[in-house]
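Participant: Please find one structure pasted underneath; my questions will follow.
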Amino acid sequence: MKEKFKTLAKSLAVSLILAIPVVATAAPTAPVMGMTVSTTKIFEGNCRSAGRSLVTDGTNYYSAFITDSTGAGRDAIKVVQSNDGGLTWGGSIDITKTAPGTLGQGVAIAISGDAAFPTKKVVHVTWEQNDGVTDGIYYSSADASDLTVWSAPLRINGSALTKSLPEVVSILANSTGTIHVVFEGADNKLYYTTASRFDSAFNEPVALPFPAWNDANGWEPIPATAIDSKGKVHVAAGYSITPGAAGYQYIKQTATGWTTPVVAIAPTTPYGQGSITTFDTNTIYMVRASDSTTLNFFKSSNGGSSWSKKTIATAPATDMFSGRLSIVVDKLKKLTAAASYWTANGGESTKMYRSTDLGVTWSAATTFNNQLTRPSLTVDADGKVGMELRTSVGLNPPHYFTKEK
């Protein structure tokens with residue numbers, strides 16, 4: 001009798017569970033930005049980079065860029081800063097000036113603490129310079145409290161020859177001030193160099209364990225870089241085995257070197273750029289316009305050993321996601337992604353999306369029109385997303401800033 005009662009009770013419990021209606025997970029709310037992006041202009045110039053072009057120390061914002069002041073070619077590296085959360089921006093400050101036409105469009109920026117002085121913030125900038133004499137990757141730094149004083153530009157690519165293309169250099173720095181630079185060499189391989197502090201020597205660059213890109217297969221995807229909470233570097237690099245198709249392979253830094261490359265994103269055609277961010281050493285996120293009409297999200301929860309895929313949004317057949325995109329994650333694992341968007345009539349805009357469930361569901365798009373593209377995202381200490389955008393007007397296109405409410 002007791003056994004029959006147990007069986008009846010189990011059957012009743014199962015029936016009750018099955019009777020509970022299944023509620024679909026609601027899509028998160030789209031990001032709401034609080035500043036008028038069309039009026040918050042921060043500079044005029046170019047800031048194409050394999051890394052971030054906008055960074056924050058938690059409260060203040062910094063952006064580095066290149067200008068063409070004479071019409072004869074890019075000739076100055078500059079920086080701007082906001083000390084009031086992005087509401088206003090100071091006038092641009094020169095880091096260095098060169099002969100016209102000796103600078104490409106690639107410049108990268110990072111900010112760090114300093115192990116020797118815990119309250120100090122250091123701004124780090126790298127760029128590629130091609131003057132026919134001392135071509136290479138250059139580095140300069142400044143105390144964030146006084147950006148009018150920069151260290152003398154230092155050539156840091158050692159014996160590695162560099163490739164004269166935009167967006168081939170990235171700089172990352174951790175909380176204690178260790179600096180990491182990734183750049184592309186003339187042999188189509190990615191190289192890595194590091195320094196323990198802003199006033200320390202950089203080591204001889206080493207080739208990262210990716211295969212060299214085959215130029216015959218098309219325009220190469222821009223490498224994506226990130227640094228995790230333990231100061232380890234993560235790199236995703238484009239690879240191709242057939243013309244016109246490309247994917248991304250992934251590696252991360254270890255105590256003794258680098259992991260073996262893993263395919264994070266399979267090759268697609270056509271192919272677009274990627275962006276990477278980390279929550280910790282094991283949790284890594286990427287976003288990519290994988291075939292122009294779809295914006296896809298990729299996640300690894302096991303340190304990059306395997307990756308899952310989720311489509312964030314799909315564009316109509318007449319439109320496409322194209323150009324730069326960006327992804328960030330805050331301390332609560334709230335994800336924000338933004339991507340350049342093109343329409344058949346020549347319109348340009350940026351689409352921004354939000355996920356609050358680790359990338360399972362994504363919000364509808366927040367759209368930034370007025371020909372604003374090439375987003376670069378960052379997150380402040382309060383978890384608010386800041387974004388830099390640009391238009392495509394003139395030699396020194398205007399760049400704008402907006403921040404989440």
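Labels used: A, B, ... for chains in the order of the structure tokens, numbers from 1 for residues in each chain, and numbers from 1 for ligands as shown.
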If we count only C-alpha atoms, what is near region 349-365 of chain A at a cut-off of 8 Å, once residues fewer than 2 positions away on the same chain are taken out, given as an mmCIF file with C-alpha atoms, in the first residue's frame?
Facilitator:
```
data_model
loop_
_atom_site.group_PDB
_atom_site.id
_atom_site.type_symbol
_atom_site.label_atom_id
_atom_site.label_comp_id
_atom_site.auth_asym_id
_atom_site.auth_seq_id
_atom_site.Cartn_x
_atom_site.Cartn_y
_atom_site.Cartn_z
ATOM 1 C CA THR A 25 12.566 34.628 -21.598
ATOM 2 C CA ALA A 26 11.886 38.280 -22.291
ATOM 3 C CA ALA A 27 14.403 40.136 -24.394
ATOM 4 C CA PRO A 28 16.455 42.631 -22.374
ATOM 5 C CA THR A 29 15.876 46.350 -22.693
ATOM 6 C CA ALA A 30 17.887 48.074 -25.390
ATOM 7 C CA PRO A 31 20.656 50.406 -24.172
ATOM 8 C CA PHE A 297 28.036 36.399 -30.762
ATOM 9 C CA LYS A 299 31.211 32.600 -26.116
ATOM 10 C CA LYS A 310 24.368 32.909 -31.113
ATOM 11 C CA ILE A 312 22.325 38.731 -32.293
ATOM 12 C CA LYS A 333 28.313 40.149 -16.891
ATOM 13 C CA LYS A 334 26.037 42.574 -18.724
ATOM 14 C CA LEU A 335 27.091 42.452 -22.369
ATOM 15 C CA THR A 336 26.904 45.301 -24.878
ATOM 16 C CA ALA A 337 27.752 44.999 -28.580
ATOM 17 C CA ALA A 338 27.762 47.642 -31.297
ATOM 18 C CA ALA A 339 28.352 47.321 -35.043
ATOM 19 C CA SER A 340 28.532 49.535 -38.109
ATOM 20 C CA TYR A 341 25.502 49.163 -40.378
ATOM 21 C CA TRP A 342 25.037 50.037 -44.079
ATOM 22 C CA GLY A 347 23.032 55.269 -45.432
ATOM 23 C CA THR A 367 20.276 52.910 -33.695
ATOM 24 C CA PHE A 368 22.621 55.857 -34.198
ATOM 25 C CA ASN A 369 21.981 57.466 -37.591
ATOM 26 C CA ASN A 370 23.529 60.556 -39.251
ATOM 27 C CA GLN A 371 26.291 58.537 -40.959
ATOM 28 C CA LEU A 372 27.820 57.582 -37.576
ATOM 29 C CA THR A 373 29.874 54.365 -37.721
ATOM 30 C CA ARG A 374 32.957 52.557 -36.388
ATOM 31 C CA PRO A 375 31.924 52.208 -32.716
#
```
Participant: Residues at most 7 Å from Ser175 (chain A), counting only C-alpha atoms, excluding those fewer than 5 positions away in the same chain, as a list in words?
Facilitator: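 Those residues are Ser112, Gly113 and Asp114 of chain A.
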Participant: Within 8 Å of region 151-157 of chain A, which residues of region 162-203 of chain A come that close, and what is the closest atom pair and distance in Å for each? Count only C-alpha atoms and give it as a tab-separated table.
Facilitator:
```
residue	atom	partner	partner_atom	distance
A:Thr162	CA	A:Asn157	CA	7.7
A:Thr193	CA	A:Asn157	CA	7.6
A:Phe202	CA	A:Ile156	CA	6.2
```
Participant: Print the selection's residues with N, CA and C atoms to a file, as an mmCIF file, in the first residue's frame.
Facilitator:
```cif
data_model
loop_
_atom_site.group_PDB
_atom_site.id
_atom_site.type_symbol
_atom_site.label_atom_id
_atom_site.label_comp_id
_atom_site.auth_asym_id
_atom_site.auth_seq_id
_atom_site.Cartn_x
_atom_site.Cartn_y
_atom_site.Cartn_z
ATOM 1 N N THR A 162 57.563 45.870 -39.988
ATOM 2 C CA THR A 162 56.132 46.082 -39.817
ATOM 3 C C THR A 162 55.432 46.214 -41.153
ATOM 4 N N THR A 193 55.130 42.057 -28.015
ATOM 5 C CA THR A 193 56.212 42.552 -27.169
ATOM 6 C C THR A 193 55.618 43.121 -25.893
ATOM 7 N N PHE A 202 61.185 47.387 -23.717
ATOM 8 C CA PHE A 202 60.359 46.347 -24.324
ATOM 9 C C PHE A 202 61.251 45.201 -24.776
#
```
Participant: Between CA of Phe298 (chain A) and CA of Ser49 (chain A), what distance in Å does the model show, to one decimal?
Facilitator: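 About the pair CA of Phe298 (chain A) and CA of Ser49 (chain A): they are 21.4 Å apart.
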Participant: For Thr277 (chain A), find every residue with an atom within 8 Å (counting only C-alpha atoms), except residues of its own chain fewer than 3 positions away, and show them as a list in words.
Facilitator: Thr225, Ala226, Ile227, Ile284, Tyr285, Met286, Ile327, Val328 and Val329 of chain A
Participant: Filtering to all heavy atoms, could you give me those residues as an mmCIF file, in the first residue's frame?
Facilitator:
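Saved the output as out09.cif:
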```
data_model
loop_
_atom_site.group_PDB
_atom_site.id
_atom_site.type_symbol
_atom_site.label_atom_id
_atom_site.label_comp_id
_atom_site.auth_asym_id
_atom_site.auth_seq_id
_atom_site.Cartn_x
_atom_site.Cartn_y
_atom_site.Cartn_z
ATOM 1 N N THR A 225 42.023 41.949 -29.670
ATOM 2 C CA THR A 225 42.815 41.717 -28.464
ATOM 3 C C THR A 225 42.047 42.138 -27.227
ATOM 4 O O THR A 225 41.193 43.032 -27.269
ATOM 5 C CB THR A 225 44.135 42.502 -28.509
ATOM 6 O OG1 THR A 225 43.846 43.909 -28.597
ATOM 7 C CG2 THR A 225 44.977 42.091 -29.714
ATOM 8 N N ALA A 226 42.376 41.494 -26.094
ATOM 9 C CA ALA A 226 41.774 41.850 -24.806
ATOM 10 C C ALA A 226 42.711 41.405 -23.695
ATOM 11 O O ALA A 226 43.602 40.568 -23.899
ATOM 12 C CB ALA A 226 40.401 41.192 -24.647
ATOM 13 N N ILE A 227 42.515 41.959 -22.497
ATOM 14 C CA ILE A 227 43.289 41.555 -21.325
ATOM 15 C C ILE A 227 42.309 41.225 -20.208
ATOM 16 O O ILE A 227 41.292 41.913 -20.032
ATOM 17 C CB ILE A 227 44.278 42.672 -20.909
ATOM 18 C CG1 ILE A 227 45.249 42.160 -19.845
ATOM 19 C CG2 ILE A 227 43.558 43.931 -20.465
ATOM 20 C CD1 ILE A 227 46.441 43.089 -19.620
ATOM 21 N N ILE A 284 35.235 34.210 -22.061
ATOM 22 C CA ILE A 284 35.644 35.097 -23.149
ATOM 23 C C ILE A 284 34.479 35.255 -24.114
ATOM 24 O O ILE A 284 33.751 34.302 -24.396
ATOM 25 C CB ILE A 284 36.865 34.524 -23.898
ATOM 26 C CG1 ILE A 284 37.968 34.129 -22.908
ATOM 27 C CG2 ILE A 284 37.407 35.529 -24.892
ATOM 28 C CD1 ILE A 284 38.219 32.654 -22.849
ATOM 29 N N TYR A 285 34.318 36.474 -24.613
ATOM 30 C CA TYR A 285 33.226 36.773 -25.532
ATOM 31 C C TYR A 285 33.778 37.430 -26.794
ATOM 32 O O TYR A 285 34.704 38.221 -26.737
ATOM 33 C CB TYR A 285 32.216 37.722 -24.894
ATOM 34 C CG TYR A 285 31.696 37.290 -23.550
ATOM 35 C CD1 TYR A 285 32.127 37.916 -22.378
ATOM 36 C CD2 TYR A 285 30.761 36.258 -23.439
ATOM 37 C CE1 TYR A 285 31.644 37.533 -21.142
ATOM 38 C CE2 TYR A 285 30.275 35.870 -22.198
ATOM 39 C CZ TYR A 285 30.725 36.508 -21.051
ATOM 40 O OH TYR A 285 30.247 36.131 -19.828
ATOM 41 N N MET A 286 33.159 37.092 -27.933
ATOM 42 C CA MET A 286 33.505 37.731 -29.198
ATOM 43 C C MET A 286 32.229 38.088 -29.945
ATOM 44 O O MET A 286 31.182 37.460 -29.757
ATOM 45 C CB MET A 286 34.360 36.802 -30.074
ATOM 46 C CG MET A 286 35.750 36.554 -29.554
ATOM 47 S SD MET A 286 36.731 35.513 -30.685
ATOM 48 C CE MET A 286 36.846 36.591 -32.109
ATOM 49 N N ILE A 327 32.648 44.981 -28.547
ATOM 50 C CA ILE A 327 31.892 44.320 -27.493
ATOM 51 C C ILE A 327 32.576 44.562 -26.159
ATOM 52 O O ILE A 327 33.814 44.591 -26.078
ATOM 53 C CB ILE A 327 31.736 42.803 -27.757
ATOM 54 C CG1 ILE A 327 30.824 42.167 -26.697
ATOM 55 C CG2 ILE A 327 33.086 42.095 -27.830
ATOM 56 C CD1 ILE A 327 30.422 40.730 -27.016
ATOM 57 N N VAL A 328 31.771 44.764 -25.107
ATOM 58 C CA VAL A 328 32.292 44.935 -23.750
ATOM 59 C C VAL A 328 31.399 44.184 -22.773
ATOM 60 O O VAL A 328 30.239 43.877 -23.070
ATOM 61 C CB VAL A 328 32.360 46.422 -23.337
ATOM 62 C CG1 VAL A 328 33.443 47.159 -24.104
ATOM 63 C CG2 VAL A 328 31.009 47.120 -23.512
ATOM 64 N N VAL A 329 31.940 43.897 -21.592
ATOM 65 C CA VAL A 329 31.188 43.247 -20.525
ATOM 66 C C VAL A 329 31.502 43.966 -19.223
ATOM 67 O O VAL A 329 32.640 44.373 -18.988
ATOM 68 C CB VAL A 329 31.526 41.741 -20.433
ATOM 69 C CG1 VAL A 329 32.995 41.498 -20.096
ATOM 70 C CG2 VAL A 329 30.623 41.027 -19.428
#
```
Participant: Quick one: which region 129-232 of chain A residues come within 12 Å of region 255-262 of chain A, and what is the nearest atom pair for each with the distance in Å to one decimal, counting only C-alpha atoms, rows ordered by chain and ascending number, as a Markdown table?
Facilitator:
```
| residue | atom | partner | partner_atom | distance |
| --- | --- | --- | --- | --- |
| A:Tyr192 | CA | A:Trp258 | CA | 10.8 |
| A:Val206 | CA | A:Gly257 | CA | 10.3 |
| A:Ala207 | CA | A:Trp258 | CA | 10.6 |
| A:Leu208 | CA | A:Trp258 | CA | 7.8 |
| A:Pro209 | CA | A:Pro261 | CA | 6.9 |
| A:Phe210 | CA | A:Pro261 | CA | 6.6 |
| A:Pro211 | CA | A:Pro261 | CA | 9.2 |
| A:Lys230 | CA | A:Ala255 | CA | 11.3 |
| A:Gly231 | CA | A:Ala255 | CA | 11.0 |
| A:Lys232 | CA | A:Ala255 | CA | 8.9 |
```
Participant: Which of these, A:Ser63, A:Gln253, A:Thr283, A:Thr88, has the shortest distance to Ser306 (chain A) once you count only C-alpha atoms?
Facilitator: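 Result for the nearest residue to Ser306 (chain A): A:Thr283.
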Participant: Can you check which residues of region 31-193 of chain A DSSP gives as strand (DSSP E or B) on the backbone and send them as a PyMOL selection string?
Facilitator: chain A and resi 33+41-44+46+48+54-56+61-67+76-82+93-97+103-112+122-129+136-143+154-155+162+169-173+179-185+190-193
Participant: Of the residues A:Gly101, A:Pro223, A:Gly136, A:Gly394, which is the one nearest to Tyr250 (chain A), using only C-alpha atoms?
Facilitator: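 Closest candidate: A:Pro223.
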Participant: For Phe65 (chain A), list every protein, DNA or RNA residue within 10 Å, evaluated using only C-alpha atoms, and leave out those in the same chain fewer than 4 positions away; present the list as number ranges by chain.
Facilitator: A: 43-49, 53-54, 76-80, 92, 94-95, 105-109, 125, 127, 396, 399
Participant: Which one is closest to Lys252 (chain A): A:Gly386, A:Gly304, A:Pro270, A:Arg288? Count only C-alpha atoms.
Facilitator: A:Gly304
Participant: Pick the closest to Lys331 (chain A) from A:Thr67, A:Thr278, A:Ser141, A:Thr242: which is it, counting only C-alpha atoms?
Facilitator: A:Thr278
Participant: Using only C-alpha atoms, which protein or nucleic acid residues come within 8 Å of region 176-182 of chain A? Drop anything in the same chain fewer than 6 positions from it, and give the result as a PyMOL selection string.
Facilitator: chain A and resi 112-115+122+169-170+190-198+233
Participant: Which one of A:Thr148, A:Gln129, A:Ser200, A:Thr343 sits closest to Lys163 (chain A) if you count only C-alpha atoms?
Facilitator: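 Smallest separation from Lys163 (chain A) among the options: A:Gln129.
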Participant: So what do you get for CA of Ile171 (chain A) versus CA of Leu87 (chain A), distance-wise?
Facilitator: 25.8 Å
Participant: May I ask which of the residues A:Asp280, A:Asp135, A:Asp291, A:Asp187 is the closest one to Pro267 (chain A), counting only C-alpha atoms?
Facilitator: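 So, comparing all the options, the nearest one is A:Asp291.
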